[in-house]
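Only one structure is covered here, and it is reproduced in the block below.
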Amino acid sequence: MASFSRAAQVRNSPWNSLCLLVSQQWASFSKVWYLIDAKMQPPGKIATMCSVRLQGKHKPIYHALSDCGDHVVVVNTRHIAFSGNKWEQKVYSSHSGYPGGFKQVTAAQLHQKDPTAIVKLAIYGMLPRNLLRRTMMQRLHLFPDEVIPDEILKNLVEELPQPRKVPRRLDEYTQEEIDAFPRLWTPPEDYRMK
Amino acid sequence: MVFLSLSRWIRSRGPDRYWRHRELLQHARHFRGRKNRCYSLALRTVRRAFQYSTRDKRLKKRNMRLLWISRIAAASREHGLKYPMLISNLVKCQVELNRKVLADLAIYEPKTFKSLAALAKRRREEGFSDALGDGREPTGIFSRIVHSG
């Protein structure tokens with residue numbers, strides 16, 4: 001992706017303010033559309049990448065007030081992978097406001113009900129707690145599978161690399177690779193493997 | 001009958017209240033509501049505004065430095081480095097550019113910033129090879145690592 005910094009054509013005064021010269025580069029503040037594939041990825045790492053780009057912190061022209069965030073499209077949110085036992089142990093709590101309305105749902109149940117909710121809540125919690133958070137969330141687009149509407153597909157510019165390297169399953173290795181793998185010890189003839 | 005000393009019986013309670021109020025209301029003209037017109041309300045608000053202004057003169061320096069740091073971090077990540085790596089290695093190369101200048105370079109002089117990032121990366125690799133390779137002579141071009149003995 002080309003760098004966001006743009007060399008200005010004229011630098012004459014010693015106190016050049018940013019507003020004078022940035023206006024010469026009309027595409028500096030244009031929104032860029034990123035694609036992230038969340039298949040077999042931890043949702044927290046996906047969320048950090050998304051939140052950095054939604055705020056615009058990946059640009060050297062960043063300022064909190066200058067609305068320099070980009071759009072992010074996350075695909076395959078149904079296939080995210082929590083590490084450890086988080087699917088059963090991580091609890092998402094909410095309160096409806098009415099008495100007796102406290103609800104606690106495990107990550108697995110929430111994912112069953114809404115496959116995009118986990119990533120959405122993760123990103124919502126990572127954005128700064130100000131009034132711009134809702135607009136940044138509107139620039140985030142989540143899809144549970146590979147199906148993306150055409151309007152969004154046309155806007156996409158760059159796909160970001162996945163944060164976690166997905167390991168191969170045993171059945172994805174060829175028999176030659178399995179045989180070529182070095183053995184630490186050979187079990188004796190009468191050894192019983194469970 | 002003529003009262004010649006009538007004027008001496010009139011007391012003036014301070015002739016310049018109007019101008020004292022004007023001076024204060026000048027500072028309140030951009031406020032919202034009655035505090036931009038009414039003296040008593042403006043007095044309190046302007047006093048607080050001045051207190052905020054002096055406090056923020058100190059905060060502005062901190063906030064500007066934080067902004068420069070986040071901008072430099074973003075630009076160095078574009079070039080494959082992180083902010084602490086960039087700064088520490090530039091200091092080790094005796095490049096004494098402050099964060100303000102680095103941030104301006106990152107925005108307006110991208111090729112210069114790219115070369116600074118490459119310099120920092122090279123110095124970092126030389127530091128690693130010096131630490132791991134255990135003190136053989138050609139340590140590097142950019143580093144001046146001096147071994148004792």
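Here's how to read the names in the structure tokens: chain A, B, ... by the order shown, residue numbers from 1 in each chain, ligand numbers from 1 in the order shown.
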
Please report, as JSON lines, each residue of chain B lying at most 12 Å from chain A, together with the nearest pair of atoms and the separation in Å rounded to one decimal; use only C-alpha atoms, and order rows by chain and ascending residue number.
{"residue": "B:Asn63", "atom": "CA", "partner": "A:His63", "partner_atom": "CA", "distance": 11.2}
{"residue": "B:Met64", "atom": "CA", "partner": "A:His63", "partner_atom": "CA", "distance": 10.6}
{"residue": "B:Leu66", "atom": "CA", "partner": "A:His63", "partner_atom": "CA", "distance": 10.7}
{"residue": "B:Leu67", "atom": "CA", "partner": "A:His63", "partner_atom": "CA", "distance": 7.4}
{"residue": "B:Trp68", "atom": "CA", "partner": "A:Pro60", "partner_atom": "CA", "distance": 8.9}
{"residue": "B:Ile69", "atom": "CA", "partner": "A:Pro60", "partner_atom": "CA", "distance": 9.8}
{"residue": "B:Ser70", "atom": "CA", "partner": "A:Lys57", "partner_atom": "CA", "distance": 7.3}
{"residue": "B:Arg71", "atom": "CA", "partner": "A:Pro60", "partner_atom": "CA", "distance": 4.4}
{"residue": "B:Ile72", "atom": "CA", "partner": "A:Pro60", "partner_atom": "CA", "distance": 6.5}
{"residue": "B:Ala73", "atom": "CA", "partner": "A:Pro60", "partner_atom": "CA", "distance": 7.9}
{"residue": "B:Ala74", "atom": "CA", "partner": "A:His58", "partner_atom": "CA", "distance": 4.7}
{"residue": "B:Ala75", "atom": "CA", "partner": "A:Pro60", "partner_atom": "CA", "distance": 5.2}
{"residue": "B:Ser76", "atom": "CA", "partner": "A:Pro60", "partner_atom": "CA", "distance": 8.9}
{"residue": "B:Arg77", "atom": "CA", "partner": "A:His58", "partner_atom": "CA", "distance": 7.6}
{"residue": "B:Glu78", "atom": "CA", "partner": "A:Ser3", "partner_atom": "CA", "distance": 7.1}
{"residue": "B:His79", "atom": "CA", "partner": "A:Ser3", "partner_atom": "CA", "distance": 9.0}
{"residue": "B:Lys82", "atom": "CA", "partner": "A:His58", "partner_atom": "CA", "distance": 11.8}
{"residue": "B:Leu102", "atom": "CA", "partner": "A:Pro60", "partner_atom": "CA", "distance": 10.5}
{"residue": "B:Ala103", "atom": "CA", "partner": "A:Pro60", "partner_atom": "CA", "distance": 7.5}
{"residue": "B:Asp104", "atom": "CA", "partner": "A:Pro60", "partner_atom": "CA", "distance": 9.0}
{"residue": "B:Leu105", "atom": "CA", "partner": "A:Ala7", "partner_atom": "CA", "distance": 9.1}
{"residue": "B:Ala106", "atom": "CA", "partner": "A:Pro60", "partner_atom": "CA", "distance": 6.4}
{"residue": "B:Ile107", "atom": "CA", "partner": "A:Ser5", "partner_atom": "CA", "distance": 4.6}
{"residue": "B:Tyr108", "atom": "CA", "partner": "A:Ala7", "partner_atom": "CA", "distance": 4.5}
{"residue": "B:Glu109", "atom": "CA", "partner": "A:Ala7", "partner_atom": "CA", "distance": 5.4}
{"residue": "B:Pro110", "atom": "CA", "partner": "A:Ser5", "partner_atom": "CA", "distance": 6.0}
{"residue": "B:Lys111", "atom": "CA", "partner": "A:Ala7", "partner_atom": "CA", "distance": 8.6}
{"residue": "B:Thr112", "atom": "CA", "partner": "A:Ala7", "partner_atom": "CA", "distance": 10.2}
{"residue": "B:Phe113", "atom": "CA", "partner": "A:Ser5", "partner_atom": "CA", "distance": 9.9}
{"residue": "B:Lys114", "atom": "CA", "partner": "A:Ser3", "partner_atom": "CA", "distance": 10.2}

For the residues selected in the previous step, produce a file with C-alpha atoms as a PDB file, in the first residue's frame.
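Final output, saved to part.pdb:
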ATOM      1  CA  ASN B  63      -0.207  16.549  24.233  1.00  0.00           C
ATOM      2  CA  MET B  64       1.873  17.696  21.288  1.00  0.00           C
ATOM      3  CA  LEU B  66       2.135  12.411  22.509  1.00  0.00           C
ATOM      4  CA  LEU B  67       0.765  13.298  19.077  1.00  0.00           C
ATOM      5  CA  TRP B  68       4.253  13.365  17.568  1.00  0.00           C
ATOM      6  CA  ILE B  69       5.042  10.001  19.108  1.00  0.00           C
ATOM      7  CA  SER B  70       1.892   8.364  17.744  1.00  0.00           C
ATOM      8  CA  ARG B  71       2.569   9.821  14.290  1.00  0.00           C
ATOM      9  CA  ILE B  72       6.172   8.611  14.282  1.00  0.00           C
ATOM     10  CA  ALA B  73       5.009   5.181  15.466  1.00  0.00           C
ATOM     11  CA  ALA B  74       2.497   4.969  12.606  1.00  0.00           C
ATOM     12  CA  ALA B  75       5.080   5.995  10.021  1.00  0.00           C
ATOM     13  CA  SER B  76       7.737   3.610  11.319  1.00  0.00           C
ATOM     14  CA  ARG B  77       5.247   0.736  11.289  1.00  0.00           C
ATOM     15  CA  GLU B  78       4.665   1.499   7.618  1.00  0.00           C
ATOM     16  CA  HIS B  79       8.367   0.815   7.138  1.00  0.00           C
ATOM     17  CA  LYS B  82       8.368  -0.162  15.807  1.00  0.00           C
ATOM     18  CA  LEU B 102      10.707  13.334  13.030  1.00  0.00           C
ATOM     19  CA  ALA B 103       6.928  13.716  12.856  1.00  0.00           C
ATOM     20  CA  ASP B 104       7.206  16.537  10.312  1.00  0.00           C
ATOM     21  CA  LEU B 105       9.625  14.490   8.238  1.00  0.00           C
ATOM     22  CA  ALA B 106       7.286  11.512   8.368  1.00  0.00           C
ATOM     23  CA  ILE B 107       4.482  13.602   6.904  1.00  0.00           C
ATOM     24  CA  TYR B 108       6.247  15.892   4.454  1.00  0.00           C
ATOM     25  CA  GLU B 109       9.516  14.120   3.665  1.00  0.00           C
ATOM     26  CA  PRO B 110       8.595  10.439   3.311  1.00  0.00           C
ATOM     27  CA  LYS B 111      11.771   9.367   1.538  1.00  0.00           C
ATOM     28  CA  THR B 112      13.942  10.944   4.212  1.00  0.00           C
ATOM     29  CA  PHE B 113      11.949   9.139   6.868  1.00  0.00           C
ATOM     30  CA  LYS B 114      12.315   5.883   4.955  1.00  0.00           C
TER      31      LYS B 114
END

Query - Filtered DSSP result for segment 71-163 of chain A, state alpha helix (DSSP H), as a PyMOL selection string - result: chain A and resi 86-89+107-113+117-126+132-138+150-155

Query raised in the report: Between atom CA of Gln55 of chain A and atom CA of Gly69 of chain A, what is the distance, to one decimal in Å?
Result: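 The value is 4.6 Å.
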
**Report entry** Selection near Val105 of chain A, 12 Å with only C-alpha atoms, sequence-local residues under 2 positions removed, as number ranges by chain
**Finding:** A: 87-95, 102-103, 107-114, 117-118

Could you pull out the strand (DSSP E or B) residues of segment 39-179 of chain A from DSSP and send them as a tab-separated table (two decimals) with N, CA, C and O atoms, in the first residue's frame?
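Output saved as out.tsv:
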chain	number	residue	atom	x	y	z
A	71	HIS	N	-12.25	2.33	6.45
A	71	HIS	CA	-13.25	1.27	6.55
A	71	HIS	C	-12.55	-0.07	6.64
A	71	HIS	O	-11.55	-0.30	5.97
A	72	VAL	N	-13.11	-0.98	7.44
A	72	VAL	CA	-12.54	-2.32	7.56
A	72	VAL	C	-13.66	-3.33	7.35
A	72	VAL	O	-14.74	-3.19	7.93
A	73	VAL	N	-13.40	-4.31	6.50
A	73	VAL	CA	-14.38	-5.38	6.25
A	73	VAL	C	-13.78	-6.66	6.80
A	73	VAL	O	-12.68	-7.05	6.40
A	74	VAL	N	-14.46	-7.30	7.76
A	74	VAL	CA	-13.96	-8.56	8.33
A	74	VAL	C	-14.85	-9.68	7.81
A	74	VAL	O	-16.08	-9.60	7.91
A	75	VAL	N	-14.21	-10.70	7.29
A	75	VAL	CA	-14.91	-11.79	6.61
A	75	VAL	C	-14.66	-13.07	7.39
A	75	VAL	O	-13.64	-13.22	8.08
A	91	VAL	N	-17.31	-15.10	29.45
A	91	VAL	CA	-18.72	-14.77	29.68
A	91	VAL	C	-18.98	-13.35	29.23
A	91	VAL	O	-18.25	-12.43	29.57
A	92	TYR	N	-20.03	-13.17	28.45
A	92	TYR	CA	-20.46	-11.85	28.02
A	92	TYR	C	-21.70	-11.48	28.82
A	92	TYR	O	-22.71	-12.18	28.75
A	93	SER	N	-21.60	-10.37	29.58
A	93	SER	CA	-22.73	-10.00	30.45
A	93	SER	C	-23.43	-8.78	29.88
A	93	SER	O	-22.81	-7.93	29.26
A	94	SER	N	-24.73	-8.71	30.14
A	94	SER	CA	-25.49	-7.53	29.74
A	94	SER	C	-26.67	-7.40	30.68
A	94	SER	O	-27.08	-8.35	31.34
A	95	HIS	N	-27.21	-6.17	30.76
A	95	HIS	CA	-28.38	-5.94	31.61
A	95	HIS	C	-29.39	-5.16	30.81
A	95	HIS	O	-29.06	-4.16	30.18
A	102	PHE	N	-30.46	-9.20	34.30
A	102	PHE	CA	-29.03	-9.44	34.13
A	102	PHE	C	-28.84	-10.76	33.41
A	102	PHE	O	-29.35	-11.78	33.84
A	103	LYS	N	-28.15	-10.71	32.28
A	103	LYS	CA	-27.95	-11.93	31.48
A	103	LYS	C	-26.47	-12.20	31.35
A	103	LYS	O	-25.70	-11.28	31.05
A	104	GLN	N	-26.09	-13.44	31.52
A	104	GLN	CA	-24.70	-13.83	31.28
A	104	GLN	C	-24.70	-14.97	30.28
A	104	GLN	O	-25.36	-15.98	30.50
A	105	VAL	N	-23.96	-14.79	29.21
A	105	VAL	CA	-23.96	-15.78	28.13
A	105	VAL	C	-22.51	-16.18	27.87
A	105	VAL	O	-21.63	-15.33	27.88
A	106	THR	N	-22.27	-17.47	27.63
A	106	THR	CA	-20.91	-17.87	27.30
A	106	THR	C	-20.63	-17.51	25.84
A	106	THR	O	-21.53	-17.27	25.04
A	140	LEU	N	-17.17	-0.10	10.30
A	140	LEU	CA	-16.72	-1.49	10.36
A	140	LEU	C	-17.81	-2.35	9.73
A	140	LEU	O	-18.98	-2.15	9.99
A	141	HIS	N	-17.42	-3.30	8.88
A	141	HIS	CA	-18.40	-4.17	8.23
A	141	HIS	C	-18.01	-5.61	8.52
A	141	HIS	O	-16.91	-6.03	8.16
A	142	LEU	N	-18.91	-6.35	9.16
A	142	LEU	CA	-18.62	-7.72	9.55
A	142	LEU	C	-19.50	-8.67	8.77
A	142	LEU	O	-20.70	-8.42	8.61
A	158	GLU	N	-7.15	-3.25	-0.11
A	158	GLU	CA	-6.03	-4.08	0.30
A	158	GLU	C	-6.50	-5.15	1.26
A	158	GLU	O	-7.39	-4.88	2.08
A	159	GLU	N	-5.90	-6.34	1.15
A	159	GLU	CA	-6.16	-7.36	2.17
A	159	GLU	C	-5.00	-7.38	3.14
A	159	GLU	O	-3.83	-7.43	2.74

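Neighbouring residues of segment 120-133 of chain A at 8 Å or closer, counting only C-alpha atoms and skipping chain neighbours under 6 positions away, are Pro43, Gly44, Ala47, Thr48, Cys50, Ser51, Gln55 and Leu142 of chain A.
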
Write the residues you've just listed into a file as a PDB file, in the first residue's frame, and include N, CA, C and O atoms for each of them.
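As written to disk, selection00.pdb reads:
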ATOM      1  N   PRO A  43      -9.945 -13.714  17.848  1.00  0.00           N
ATOM      2  CA  PRO A  43     -10.710 -12.481  17.610  1.00  0.00           C
ATOM      3  C   PRO A  43     -10.064 -11.252  18.216  1.00  0.00           C
ATOM      4  O   PRO A  43     -10.252 -10.146  17.716  1.00  0.00           O
ATOM      5  N   GLY A  44      -9.274 -11.419  19.295  1.00  0.00           N
ATOM      6  CA  GLY A  44      -8.638 -10.245  19.894  1.00  0.00           C
ATOM      7  C   GLY A  44      -7.603  -9.630  18.983  1.00  0.00           C
ATOM      8  O   GLY A  44      -7.516  -8.405  18.857  1.00  0.00           O
ATOM      9  N   ALA A  47      -9.235  -7.854  16.300  1.00  0.00           N
ATOM     10  CA  ALA A  47      -9.828  -6.617  16.796  1.00  0.00           C
ATOM     11  C   ALA A  47      -8.788  -5.514  16.939  1.00  0.00           C
ATOM     12  O   ALA A  47      -9.088  -4.344  16.670  1.00  0.00           O
ATOM     13  N   THR A  48      -7.554  -5.840  17.370  1.00  0.00           N
ATOM     14  CA  THR A  48      -6.549  -4.773  17.496  1.00  0.00           C
ATOM     15  C   THR A  48      -6.229  -4.194  16.135  1.00  0.00           C
ATOM     16  O   THR A  48      -6.141  -2.969  15.977  1.00  0.00           O
ATOM     17  N   CYS A  50      -8.118  -4.110  13.520  1.00  0.00           N
ATOM     18  CA  CYS A  50      -9.268  -3.322  13.055  1.00  0.00           C
ATOM     19  C   CYS A  50      -9.331  -1.986  13.763  1.00  0.00           C
ATOM     20  O   CYS A  50      -9.553  -0.945  13.134  1.00  0.00           O
ATOM     21  N   SER A  51      -9.132  -1.987  15.091  1.00  0.00           N
ATOM     22  CA  SER A  51      -9.328  -0.737  15.828  1.00  0.00           C
ATOM     23  C   SER A  51      -8.263   0.278  15.452  1.00  0.00           C
ATOM     24  O   SER A  51      -8.538   1.476  15.349  1.00  0.00           O
ATOM     25  N   GLN A  55      -9.420   3.924  13.771  1.00  0.00           N
ATOM     26  CA  GLN A  55      -9.087   5.228  14.340  1.00  0.00           C
ATOM     27  C   GLN A  55      -8.197   6.046  13.420  1.00  0.00           C
ATOM     28  O   GLN A  55      -8.143   7.250  13.556  1.00  0.00           O
ATOM     29  N   LEU A 142     -18.914  -6.350   9.161  1.00  0.00           N
ATOM     30  CA  LEU A 142     -18.623  -7.724   9.553  1.00  0.00           C
ATOM     31  C   LEU A 142     -19.498  -8.669   8.769  1.00  0.00           C
ATOM     32  O   LEU A 142     -20.696  -8.419   8.606  1.00  0.00           O
TER      33      LEU A 142
END
